[in-house]
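Have a look at structure32.txt below; it lists compact mmCIF, C-alpha atoms.
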```
# COMPACT_ATOMS: atom_id res chain seq x y z
CA PHE A 1213 -3.79 250.20 7.52
CA LEU A 1214 -6.25 251.82 5.15
CA SER A 1215 -5.29 255.06 3.40
CA ASN A 1216 -7.48 258.11 3.84
CA ALA A 1217 -8.95 257.58 0.34
CA ALA A 1218 -9.68 253.94 1.14
CA LYS A 1219 -11.32 254.90 4.43
CA LEU A 1220 -13.46 257.46 2.59
CA ASN A 1221 -14.51 254.90 -0.03
CA HIS A 1222 -15.27 252.38 2.72
CA ARG A 1223 -17.41 254.96 4.52
CA GLN A 1224 -19.23 255.89 1.30
CA LEU A 1225 -19.94 252.25 0.53
CA GLY A 1226 -21.28 251.88 4.07
CA LEU A 1227 -23.69 254.76 3.49
CA VAL A 1228 -24.85 253.21 0.22
CA PHE A 1229 -25.37 249.86 1.92
CA LYS A 1230 -27.35 251.49 4.74
CA TRP A 1231 -29.54 253.28 2.19
CA PHE A 1232 -30.40 250.03 0.43
CA GLN A 1233 -30.99 248.33 3.76
CA LYS A 1234 -33.15 251.08 5.26
CA SER A 1235 -34.84 252.94 2.42
CA LEU A 1236 -35.42 250.44 -0.39
CA ARG A 1237 -38.17 247.82 -0.40
CA VAL A 1238 -38.85 245.27 -3.13
CA ILE A 1239 -41.99 243.42 -4.19
CA SER A 1240 -41.08 240.57 -6.51
CA SER A 1241 -43.31 238.57 -8.85
CA ASP A 1242 -42.42 235.32 -7.08
CA GLU A 1243 -45.54 233.60 -5.74
CA ARG A 1244 -43.70 232.47 -2.61
CA ASP A 1245 -42.82 236.07 -1.79
CA ASN A 1246 -46.45 237.01 -2.32
CA ARG A 1247 -47.55 234.40 0.22
CA MET A 1248 -44.98 235.69 2.70
CA LEU A 1249 -46.20 239.27 2.21
CA LEU A 1250 -49.79 238.11 2.72
CA ALA A 1251 -48.91 236.48 6.03
CA TYR A 1252 -46.91 239.57 7.04
CA SER A 1253 -49.82 241.91 6.25
CA ALA A 1254 -52.25 239.71 8.18
CA THR A 1255 -49.98 239.69 11.24
CA GLU A 1256 -49.39 243.44 11.17
CA ALA A 1257 -53.09 244.16 10.66
CA GLN A 1258 -53.95 242.03 13.66
CA ASP A 1259 -51.34 243.65 15.91
CA ASP A 1260 -51.65 247.32 14.88
CA GLU A 1261 -55.02 249.08 14.52
CA GLN A 1262 -53.45 251.97 12.58
CA VAL A 1263 -52.03 249.55 10.03
CA GLN A 1264 -55.43 247.89 9.66
CA ILE A 1265 -57.06 251.29 9.04
CA SER A 1266 -54.43 252.11 6.39
CA ILE A 1267 -54.98 248.76 4.65
CA GLN A 1268 -58.70 249.47 4.53
CA LYS A 1269 -58.01 252.89 2.98
CA PHE A 1270 -55.80 251.30 0.29
CA LEU A 1271 -58.60 248.89 -0.59
CA GLU A 1272 -61.10 251.76 -0.70
CA VAL A 1273 -58.84 253.71 -3.09
CA ALA A 1274 -58.75 250.65 -5.36
CA ASP A 1275 -62.59 250.66 -5.29
CA PHE A 1276 -62.98 246.96 -4.53
CA GLY A 1277 -66.22 247.67 -2.67
CA ILE A 1278 -64.69 246.68 0.67
CA SER A 1279 -65.96 248.43 3.77
CA GLY A 1280 -63.72 246.75 6.35
CA ILE A 1281 -61.40 243.87 7.15
CA ASP A 1282 -61.20 241.37 9.99
CA VAL A 1283 -58.24 239.22 10.98
CA GLN A 1284 -59.02 236.21 13.13
CA GLU A 1285 -56.74 233.64 14.69
CA GLU A 1286 -57.93 230.12 13.94
CA THR A 1287 -56.75 226.59 14.69
CA TYR A 1288 -56.37 223.97 12.00
CA THR A 1289 -58.73 221.03 12.45
CA GLU A 1290 -59.36 217.91 10.40
CA LYS A 1291 -62.15 219.60 8.44
CA ASP A 1292 -59.66 222.10 7.04
CA PHE A 1293 -57.65 219.42 5.21
CA PRO A 1294 -58.50 217.56 2.00
CA GLU A 1295 -58.84 213.80 2.30
CA ASP A 1296 -55.81 213.14 0.10
CA MET A 1297 -53.43 215.40 2.07
CA PRO A 1298 -50.19 213.55 2.94
CA GLU A 1299 -50.29 212.32 6.52
CA LYS A 1300 -46.92 213.85 7.36
CA LEU A 1301 -48.09 217.32 6.36
CA ARG A 1302 -51.41 216.80 8.10
CA SER A 1303 -49.69 215.90 11.38
CA GLN A 1304 -47.49 219.00 11.15
CA LEU A 1305 -50.44 221.36 10.71
CA ILE A 1306 -53.11 219.87 12.95
CA ASN A 1307 -53.89 222.11 15.96
CA LYS A 1308 -51.52 224.80 14.63
CA LYS A 1309 -52.59 228.43 14.87
CA HIS A 1310 -53.03 230.52 11.72
CA LEU A 1311 -54.58 233.83 10.69
CA ASP A 1312 -57.63 234.08 8.45
CA VAL A 1313 -58.48 237.37 6.75
CA TYR A 1314 -62.06 238.37 5.97
CA MET A 1315 -63.35 241.22 3.82
CA ARG A 1316 -66.57 243.05 4.67
CA HIS A 1317 -68.72 244.32 1.78
CA SER A 1318 -71.63 246.74 2.16
CA VAL A 1319 -74.63 245.25 0.36
CA ASP A 1320 -77.31 247.54 1.78
CA VAL A 1321 -77.80 250.18 4.45
CA ASP A 1322 -76.44 248.74 7.70
CA VAL A 1323 -76.01 245.35 6.00
CA GLU A 1324 -72.62 243.77 5.31
CA ALA A 1325 -71.54 240.51 3.76
CA THR A 1326 -68.28 238.94 4.96
CA LEU A 1327 -66.12 236.87 2.63
CA PRO A 1328 -62.79 235.14 3.30
CA LEU A 1329 -59.85 236.66 1.44
CA VAL A 1330 -59.21 233.39 -0.39
CA VAL A 1331 -62.43 233.78 -2.41
CA GLU A 1332 -61.78 237.42 -3.29
CA SER A 1333 -60.36 238.40 -6.67
CA SER A 1334 -56.66 237.96 -7.33
CA GLY A 1335 -56.34 241.77 -7.47
CA THR A 1336 -57.80 242.12 -3.97
CA GLN A 1337 -55.56 239.38 -2.61
CA ARG A 1338 -52.49 240.91 -4.24
CA LEU A 1339 -53.21 244.41 -2.92
CA PHE A 1340 -53.82 243.10 0.60
CA ALA A 1341 -50.55 241.17 0.48
CA ARG A 1342 -48.68 244.33 -0.57
CA SER A 1343 -50.59 246.71 1.69
CA VAL A 1344 -48.27 246.76 4.71
CA ARG A 1345 -45.22 247.15 2.47
CA LEU A 1346 -46.98 250.11 0.83
CA TYR A 1347 -47.88 251.54 4.23
CA GLU A 1348 -44.24 251.38 5.35
CA VAL A 1349 -42.90 252.98 2.16
CA LEU A 1350 -45.46 255.79 2.00
CA THR A 1351 -45.23 256.54 5.72
CA ASN A 1352 -41.43 256.79 5.72
CA GLY A 1353 -40.81 258.28 2.27
CA TRP A 1354 -38.85 255.22 1.10
CA TRP A 1355 -38.34 253.76 -2.38
CA LEU A 1356 -40.32 250.78 -3.66
CA PHE A 1357 -39.33 248.57 -6.58
CA VAL A 1358 -42.04 246.31 -7.99
CA ASP A 1359 -41.10 243.51 -10.37
CA GLU A 1360 -43.66 242.97 -13.15
CA LEU A 1361 -46.32 245.45 -12.10
CA ASP A 1362 -49.64 244.58 -13.69
CA THR A 1363 -52.45 247.04 -14.38
CA SER A 1364 -52.36 248.68 -10.95
CA LEU A 1365 -53.36 252.29 -11.51
CA HIS A 1366 -54.64 252.51 -7.93
CA LEU A 1367 -51.15 251.70 -6.63
CA ILE A 1368 -49.57 254.29 -8.92
CA GLN A 1369 -52.13 256.88 -7.80
CA LEU A 1370 -51.10 256.34 -4.18
CA PHE A 1371 -47.60 257.59 -5.08
CA HIS A 1372 -48.85 260.46 -7.27
CA ASN A 1373 -51.26 261.80 -4.65
CA PRO A 1374 -49.55 264.11 -2.09
CA LYS A 1375 -52.26 263.25 0.44
CA THR A 1376 -51.30 259.56 0.45
CA ASN A 1377 -47.62 260.24 -0.25
CA PRO A 1378 -46.71 263.30 1.85
CA LYS A 1379 -43.01 262.38 2.18
CA GLY A 1380 -42.30 261.86 -1.51
CA ALA A 1381 -41.87 258.07 -1.57
CA GLN A 1382 -40.71 256.81 -4.98
CA LEU A 1383 -42.11 253.94 -7.07
CA ILE A 1384 -39.95 252.17 -9.65
CA PHE A 1385 -41.35 249.23 -11.59
CA ASN A 1386 -40.91 247.18 -14.72
CA THR A 1387 -43.87 245.92 -16.72
CA HIS A 1388 -44.94 244.41 -20.02
CA ASP A 1389 -48.37 246.05 -19.74
CA THR A 1390 -48.43 248.69 -22.48
CA THR A 1391 -51.74 250.17 -21.25
CA LEU A 1392 -49.73 251.92 -18.52
CA MET A 1393 -47.96 253.98 -21.21
CA ASP A 1394 -50.28 256.95 -20.88
CA CYS A 1395 -49.33 260.64 -20.71
CA CYS A 1396 -52.28 261.14 -18.36
CA VAL A 1397 -50.62 258.76 -15.88
CA PHE A 1398 -46.90 259.49 -16.32
CA ARG A 1399 -44.78 262.39 -17.45
CA ARG A 1400 -42.72 261.73 -20.55
CA ASP A 1401 -39.48 261.83 -18.53
CA GLN A 1402 -40.75 259.03 -16.26
CA VAL A 1403 -40.84 256.38 -19.00
CA TRP A 1404 -37.75 254.32 -19.81
CA PHE A 1405 -37.24 251.31 -22.07
CA VAL A 1406 -35.03 248.24 -21.86
CA GLU A 1407 -33.89 246.62 -25.10
CA ARG A 1408 -31.73 243.54 -25.45
CA ASP A 1409 -29.18 243.35 -28.25
CA ARG A 1410 -28.05 240.29 -30.19
CA GLN A 1411 -25.31 239.59 -27.63
CA GLY A 1412 -27.93 239.37 -24.87
CA CYS A 1413 -26.96 242.69 -23.25
CA SER A 1414 -29.77 244.91 -21.98
CA HIS A 1415 -29.70 248.64 -22.69
CA LEU A 1416 -31.71 251.19 -20.72
CA TYR A 1417 -32.74 254.44 -22.40
CA PRO A 1418 -35.37 257.15 -21.83
CA LEU A 1419 -38.45 257.91 -23.90
CA LEU A 1420 -37.21 261.51 -24.14
CA GLU A 1421 -34.56 260.38 -26.65
CA TYR A 1422 -37.41 260.27 -29.19
CA SER A 1423 -38.73 263.76 -28.33
CA PRO A 1424 -42.38 262.68 -27.99
CA ARG A 1425 -45.00 265.39 -28.34
CA LYS A 1426 -47.05 266.45 -25.33
CA GLY A 1427 -50.11 264.22 -25.21
CA GLU A 1428 -48.64 261.75 -27.71
CA ALA A 1429 -50.27 258.29 -27.80
CA LEU A 1430 -47.33 256.46 -26.24
CA GLU A 1431 -48.80 252.96 -26.27
CA LYS A 1432 -49.67 253.19 -29.96
CA GLY A 1433 -46.24 254.57 -30.79
CA TYR A 1434 -44.51 251.81 -28.83
CA LEU A 1435 -46.54 249.03 -30.48
CA MET A 1436 -45.68 250.52 -33.89
CA GLY A 1437 -41.98 250.22 -32.99
CA ARG A 1438 -41.40 253.97 -32.83
CA TYR A 1439 -39.34 253.77 -29.63
CA GLY A 1440 -37.65 250.39 -30.04
CA ALA A 1441 -37.62 247.82 -27.21
CA ILE A 1442 -40.08 245.64 -29.14
CA PRO A 1443 -39.57 241.86 -28.68
CA PHE A 1444 -39.28 240.79 -32.33
CA LEU A 1445 -39.56 237.02 -32.54
CA GLY A 1446 -37.80 234.93 -35.13
CA GLU A 1447 -39.82 232.81 -37.53
CA LEU A 1448 -41.11 229.69 -35.82
CA GLN A 1449 -39.61 226.61 -37.47
CA TRP A 1450 -40.61 223.94 -34.99
CA GLY A 1451 -43.72 222.79 -36.85
CA GLU A 1452 -41.90 222.53 -40.17
CA GLU A 1453 -39.07 220.54 -38.59
CA GLN A 1454 -41.56 218.16 -37.00
CA ASN A 1455 -43.30 217.64 -40.35
CA ALA A 1456 -39.97 217.03 -42.08
CA GLU A 1457 -39.01 214.43 -39.50
CA ALA A 1458 -42.36 212.71 -39.93
```

Would you kindly transcribe this structure into C-alpha cells?
Amino acid sequence: FLSNAAKLNHRQLGLVFKWFQKSLRVISSDERDNRMLLAYSATEAQDDEQVQISIQKFLEVADFGISGIDVQEETYTEKDFPEDMPEKLRSQLINKKHLDVYMRHSVDVDVEATLPLVVESSGTQRLFARSVRLYEVLTNGWWLFVDELDTSLHLIQLFHNPKTNPKGAQLIFNTHDTTLMDCCVFRRDQVWFVERDRQGCSHLYPLLEYSPRKGEALEKGYLMGRYGAIPFLGELQWGEEQNAEA
C-alpha cells in the first residue's frame, strides 16, 4: 500500500503529466513533422470552416498577400508521377485520395490568381503547416514550444497581441537567429541564453544577469560576447593535416 505522502506525490505527478498532455504543444524542426503538420492543417481546414477562416487570418497577419485558401480533394493519376518513380510506390499511390491546398492572391480589383501551396515560398508553406497548431494554442490558452524558430516576427506578434491571444497562450522557442534579439520585440526578462561548458553540459541563464540598459542593442552586445553563449570554434587544423599527409 502507498503511504499518504506517496499517494500525494503520485497525484501531483499525474497532474503534471495531464498538463503536458493537455496544455503543451510542440513544433519541431524535423521535416517529417512539418509534412505531418501540413497534412493535418489541410484536413482541418477542409472539415472546419472556422479553422479555415483562422488560417486565412494568420496568413494575412504575415502579409503574404494571400486573400483566401482552398482545399480540394484530388485523386492521384499517372500524370502526377515522374517517369522514374519506383513501380511499387506508384502502385501504392495510384487512385489514392489526397488533399491539395491552393492560395488565392488578389492581383486586381475583383481579380484573383490561384497558386498551389507547393509553389509558394517556404515561409508560406511553413506557416500554413503550423497554422492549425497555432489556432489550437491561441484559442485554448495553451503553451507552444517551437524548436529552431527562424525569423518569424508575425508568429511572435500573434502571441503579443491580446486580440489574437485573448487567453494568454505562451510561446517558448530556441533560435540561432540573433536578429530576434530586439528590445522592441521582447522584454529584457524574456531573453535567456544557453551555454555549453567544456564537459558538454548546457547551462541556462537569463539576460538580466548582465543588467542590460533599457533599449540596449542586444544583438550587437551578444555578437561582441558581452553576454556569453557564443559558439567559439577551435582553430581548424584539417587542411594543414591533409597537406602534411600529402

- Query: Quick one: of A:Val1283, A:Leu1435, A:Val1238, A:Ala1325, who's nearest to A:Leu1346, counting all atoms listed in the file?
  - Reply: A:Val1238

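Note that the spacing between atom CA of A:Leu1249 and atom CA of A:Ala1341 amounts to 5.1 Å.
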
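Between atom CA of A:Glu1243 and atom CA of A:Ser1333 the separation is 15.6 Å.
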
- A:Trp1354 environment, 9 Å, all atoms listed in the file, sequence neighbours closer than 4 positions dropped, as an NGL selection string: :A and (1234-1237 or 1348-1350 or 1379-1383)

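If you look at atom CA of A:Leu1392 and atom CA of A:Ala1429, they are 11.3 Å away from each other.
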
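If all atoms listed in the file are the atoms counted, then among A:Arg1244, A:Lys1300, A:His1372, A:Arg1342 the closest residue to A:Glu1256 is A:Arg1342.
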
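Among the candidate residues A:Thr1387, A:Thr1336, A:Ser1241, A:Asn1377, the one lying nearest to A:Gly1277 is A:Thr1336, with distances computed using all atoms listed in the file.
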
6 Å per side around stretch 1252-1270 of chain A: axis-aligned box centre and edge lengths, as lines of an AutoDock Vina configuration file:
```
center_x = -52.8
center_y = 246.2
center_z = 8.1
size_x = 23.8
size_y = 25.3
size_z = 27.6
```

Extract, using all atoms listed in the file, all DNA, RNA and protein residues at most 7 Å from stretch 1406-1408 of chain A, discarding same-chain residues fewer than 6 positions from it, and format them as a PDB file with C-alpha atoms, in the frame of the given file.
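Resulting contents of out-v7.pdb:
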```pdb
ATOM      1  CA  SER A1414     -29.770 244.910 -21.980  1.00  0.00           C
ATOM      2  CA  HIS A1415     -29.700 248.640 -22.690  1.00  0.00           C
ATOM      3  CA  LEU A1416     -31.710 251.190 -20.720  1.00  0.00           C
ATOM      4  CA  TYR A1417     -32.740 254.440 -22.400  1.00  0.00           C
ATOM      5  CA  ALA A1441     -37.620 247.820 -27.210  1.00  0.00           C
TER       6      ALA A1441
END
```

- 8 Å contact set for A:His1317, only C-alpha atoms, chain neighbours under 3 positions out, as number ranges by chain: A: 1277-1280, 1324-1327

For the contact check between stretch 1343-1403 of chain A and stretch 1221-1233 of chain A, emit one row per residue of stretch 1343-1403 of chain A within 12 Å, containing the shortest atom pair and the distance in Å rounded to one decimal, counting only C-alpha atoms, chain then rising number order, as a Markdown table.
```
| residue | atom | partner | partner_atom | distance |
| --- | --- | --- | --- | --- |
| A:Trp1354 | CA | A:Trp1231 | CA | 9.6 |
| A:Trp1355 | CA | A:Phe1232 | CA | 9.2 |
| A:Leu1356 | CA | A:Phe1232 | CA | 10.8 |
| A:Phe1357 | CA | A:Phe1232 | CA | 11.4 |
```

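Nearest to A:Thr1351 of all the residues A:Val1263, A:Val1273, A:Ala1251, A:Ile1306 is A:Val1263, counting all atoms listed in the file.
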
Considering all atoms listed in the file, return as a PDB file with C-alpha atoms, in the frame of the given file whatever protein or nucleic-acid residues lie within 10 Å of A:Tyr1434, sequence-local ones (same chain, fewer than 5 positions apart) excluded.
```pdb
ATOM      1  CA  THR A1390     -48.430 248.690 -22.480  1.00  0.00           C
ATOM      2  CA  MET A1393     -47.960 253.980 -21.210  1.00  0.00           C
ATOM      3  CA  PHE A1405     -37.240 251.310 -22.070  1.00  0.00           C
ATOM      4  CA  LEU A1419     -38.450 257.910 -23.900  1.00  0.00           C
ATOM      5  CA  ALA A1429     -50.270 258.290 -27.800  1.00  0.00           C
ATOM      6  CA  TYR A1439     -39.340 253.770 -29.630  1.00  0.00           C
ATOM      7  CA  GLY A1440     -37.650 250.390 -30.040  1.00  0.00           C
ATOM      8  CA  ALA A1441     -37.620 247.820 -27.210  1.00  0.00           C
ATOM      9  CA  ILE A1442     -40.080 245.640 -29.140  1.00  0.00           C
TER      10      ILE A1442
END
```

- Query: Nearest to A:Asp1242 among A:Arg1316, A:Val1358, A:Asp1389, A:Ser1334, with distances taken over only C-alpha atoms: which residue is it?
  - Reply: A:Val1358

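Shortest atom-to-atom contact with A:Trp1404 among A:Pro1294, A:Pro1378, A:Gly1427, A:Pro1418: A:Pro1418, counting all atoms listed in the file.
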
- Tell me, as an MDAnalysis selection string, which residues lie within 9 Å of A:Phe1340, counting all atoms listed in the file; anything in the same chain fewer than 6 positions away does not count. chainID A and resid 1249:1250 1253:1254 1267:1268 1270:1271 1329

Residues from last step as file, C-alpha atoms, as an mmCIF file, in the frame of the given file:
```cif
data_model
loop_
_atom_site.group_PDB
_atom_site.id
_atom_site.type_symbol
_atom_site.label_atom_id
_atom_site.label_comp_id
_atom_site.auth_asym_id
_atom_site.auth_seq_id
_atom_site.Cartn_x
_atom_site.Cartn_y
_atom_site.Cartn_z
ATOM 1 C CA LEU A 1249 -46.200 239.270 2.210
ATOM 2 C CA LEU A 1250 -49.790 238.110 2.720
ATOM 3 C CA SER A 1253 -49.820 241.910 6.250
ATOM 4 C CA ALA A 1254 -52.250 239.710 8.180
ATOM 5 C CA ILE A 1267 -54.980 248.760 4.650
ATOM 6 C CA GLN A 1268 -58.700 249.470 4.530
ATOM 7 C CA PHE A 1270 -55.800 251.300 0.290
ATOM 8 C CA LEU A 1271 -58.600 248.890 -0.590
ATOM 9 C CA LEU A 1329 -59.850 236.660 1.440
#
```

Using all atoms listed in the file - which residues lie no farther than 10 Å from the point (-59.7, 231.4, 5.0) in the file's frame? Write them as an mmCIF file with C-alpha atoms, in the coordinates of the input.
```cif
data_model
loop_
_atom_site.group_PDB
_atom_site.id
_atom_site.type_symbol
_atom_site.label_atom_id
_atom_site.label_comp_id
_atom_site.auth_asym_id
_atom_site.auth_seq_id
_atom_site.Cartn_x
_atom_site.Cartn_y
_atom_site.Cartn_z
ATOM 1 C CA VAL A 1283 -58.240 239.220 10.980
ATOM 2 C CA GLN A 1284 -59.020 236.210 13.130
ATOM 3 C CA GLU A 1286 -57.930 230.120 13.940
ATOM 4 C CA ASP A 1292 -59.660 222.100 7.040
ATOM 5 C CA HIS A 1310 -53.030 230.520 11.720
ATOM 6 C CA LEU A 1311 -54.580 233.830 10.690
ATOM 7 C CA ASP A 1312 -57.630 234.080 8.450
ATOM 8 C CA VAL A 1313 -58.480 237.370 6.750
ATOM 9 C CA TYR A 1314 -62.060 238.370 5.970
ATOM 10 C CA LEU A 1327 -66.120 236.870 2.630
ATOM 11 C CA PRO A 1328 -62.790 235.140 3.300
ATOM 12 C CA LEU A 1329 -59.850 236.660 1.440
ATOM 13 C CA VAL A 1330 -59.210 233.390 -0.390
ATOM 14 C CA VAL A 1331 -62.430 233.780 -2.410
#
```

Could you complete stretch 1305-1318 of chain A so that it carries N, CA, C and O atoms, and give it back as a PDB file, keeping the file's coordinate frame?
```pdb
ATOM      1  N   LEU A1305     -49.553 220.204  10.679  1.00  0.00           N
ATOM      2  CA  LEU A1305     -50.440 221.360  10.710  1.00  0.00           C
ATOM      3  C   LEU A1305     -51.565 221.259  11.735  1.00  0.00           C
ATOM      4  O   LEU A1305     -52.061 222.289  12.207  1.00  0.00           O
ATOM      5  N   ILE A1306     -51.965 220.044  12.065  1.00  0.00           N
ATOM      6  CA  ILE A1306     -53.110 219.870  12.950  1.00  0.00           C
ATOM      7  C   ILE A1306     -52.889 220.589  14.283  1.00  0.00           C
ATOM      8  O   ILE A1306     -51.796 220.543  14.862  1.00  0.00           O
ATOM      9  N   ASN A1307     -53.901 221.336  14.703  1.00  0.00           N
ATOM     10  CA  ASN A1307     -53.890 222.110  15.960  1.00  0.00           C
ATOM     11  C   ASN A1307     -52.949 223.316  15.930  1.00  0.00           C
ATOM     12  O   ASN A1307     -52.740 223.958  16.976  1.00  0.00           O
ATOM     13  N   LYS A1308     -52.380 223.622  14.751  1.00  0.00           N
ATOM     14  CA  LYS A1308     -51.520 224.800  14.630  1.00  0.00           C
ATOM     15  C   LYS A1308     -52.395 226.055  14.470  1.00  0.00           C
ATOM     16  O   LYS A1308     -53.463 226.014  13.875  1.00  0.00           O
ATOM     17  N   LYS A1309     -51.898 227.170  14.995  1.00  0.00           N
ATOM     18  CA  LYS A1309     -52.590 228.430  14.870  1.00  0.00           C
ATOM     19  C   LYS A1309     -52.274 229.075  13.506  1.00  0.00           C
ATOM     20  O   LYS A1309     -51.181 228.924  12.978  1.00  0.00           O
ATOM     21  N   HIS A1310     -53.252 229.765  12.952  1.00  0.00           N
ATOM     22  CA  HIS A1310     -53.030 230.520  11.720  1.00  0.00           C
ATOM     23  C   HIS A1310     -54.003 231.684  11.682  1.00  0.00           C
ATOM     24  O   HIS A1310     -54.986 231.719  12.441  1.00  0.00           O
ATOM     25  N   LEU A1311     -53.730 232.646  10.810  1.00  0.00           N
ATOM     26  CA  LEU A1311     -54.580 233.830  10.690  1.00  0.00           C
ATOM     27  C   LEU A1311     -55.428 233.743   9.435  1.00  0.00           C
ATOM     28  O   LEU A1311     -54.922 233.439   8.344  1.00  0.00           O
ATOM     29  N   ASP A1312     -56.708 233.995   9.582  1.00  0.00           N
ATOM     30  CA  ASP A1312     -57.630 234.080   8.450  1.00  0.00           C
ATOM     31  C   ASP A1312     -58.062 235.533   8.290  1.00  0.00           C
ATOM     32  O   ASP A1312     -58.359 236.218   9.277  1.00  0.00           O
ATOM     33  N   VAL A1313     -58.095 235.994   7.053  1.00  0.00           N
ATOM     34  CA  VAL A1313     -58.480 237.370   6.750  1.00  0.00           C
ATOM     35  C   VAL A1313     -59.847 237.362   6.075  1.00  0.00           C
ATOM     36  O   VAL A1313     -60.105 236.554   5.176  1.00  0.00           O
ATOM     37  N   TYR A1314     -60.712 238.257   6.518  1.00  0.00           N
ATOM     38  CA  TYR A1314     -62.060 238.370   5.970  1.00  0.00           C
ATOM     39  C   TYR A1314     -62.306 239.794   5.499  1.00  0.00           C
ATOM     40  O   TYR A1314     -61.880 240.758   6.138  1.00  0.00           O
ATOM     41  N   MET A1315     -63.005 239.923   4.375  1.00  0.00           N
ATOM     42  CA  MET A1315     -63.350 241.220   3.820  1.00  0.00           C
ATOM     43  C   MET A1315     -64.841 241.474   3.995  1.00  0.00           C
ATOM     44  O   MET A1315     -65.664 240.617   3.681  1.00  0.00           O
ATOM     45  N   ARG A1316     -65.164 242.673   4.493  1.00  0.00           N
ATOM     46  CA  ARG A1316     -66.570 243.050   4.670  1.00  0.00           C
ATOM     47  C   ARG A1316     -67.009 243.913   3.485  1.00  0.00           C
ATOM     48  O   ARG A1316     -66.326 244.880   3.125  1.00  0.00           O
ATOM     49  N   HIS A1317     -68.153 243.578   2.905  1.00  0.00           N
ATOM     50  CA  HIS A1317     -68.720 244.320   1.780  1.00  0.00           C
ATOM     51  C   HIS A1317     -70.085 244.866   2.166  1.00  0.00           C
ATOM     52  O   HIS A1317     -70.937 244.133   2.684  1.00  0.00           O
ATOM     53  N   SER A1318     -70.324 246.144   1.909  1.00  0.00           N
ATOM     54  CA  SER A1318     -71.630 246.740   2.160  1.00  0.00           C
ATOM     55  C   SER A1318     -72.578 246.348   1.021  1.00  0.00           C
ATOM     56  O   SER A1318     -72.309 246.643  -0.149  1.00  0.00           O
TER      57      SER A1318
END
```
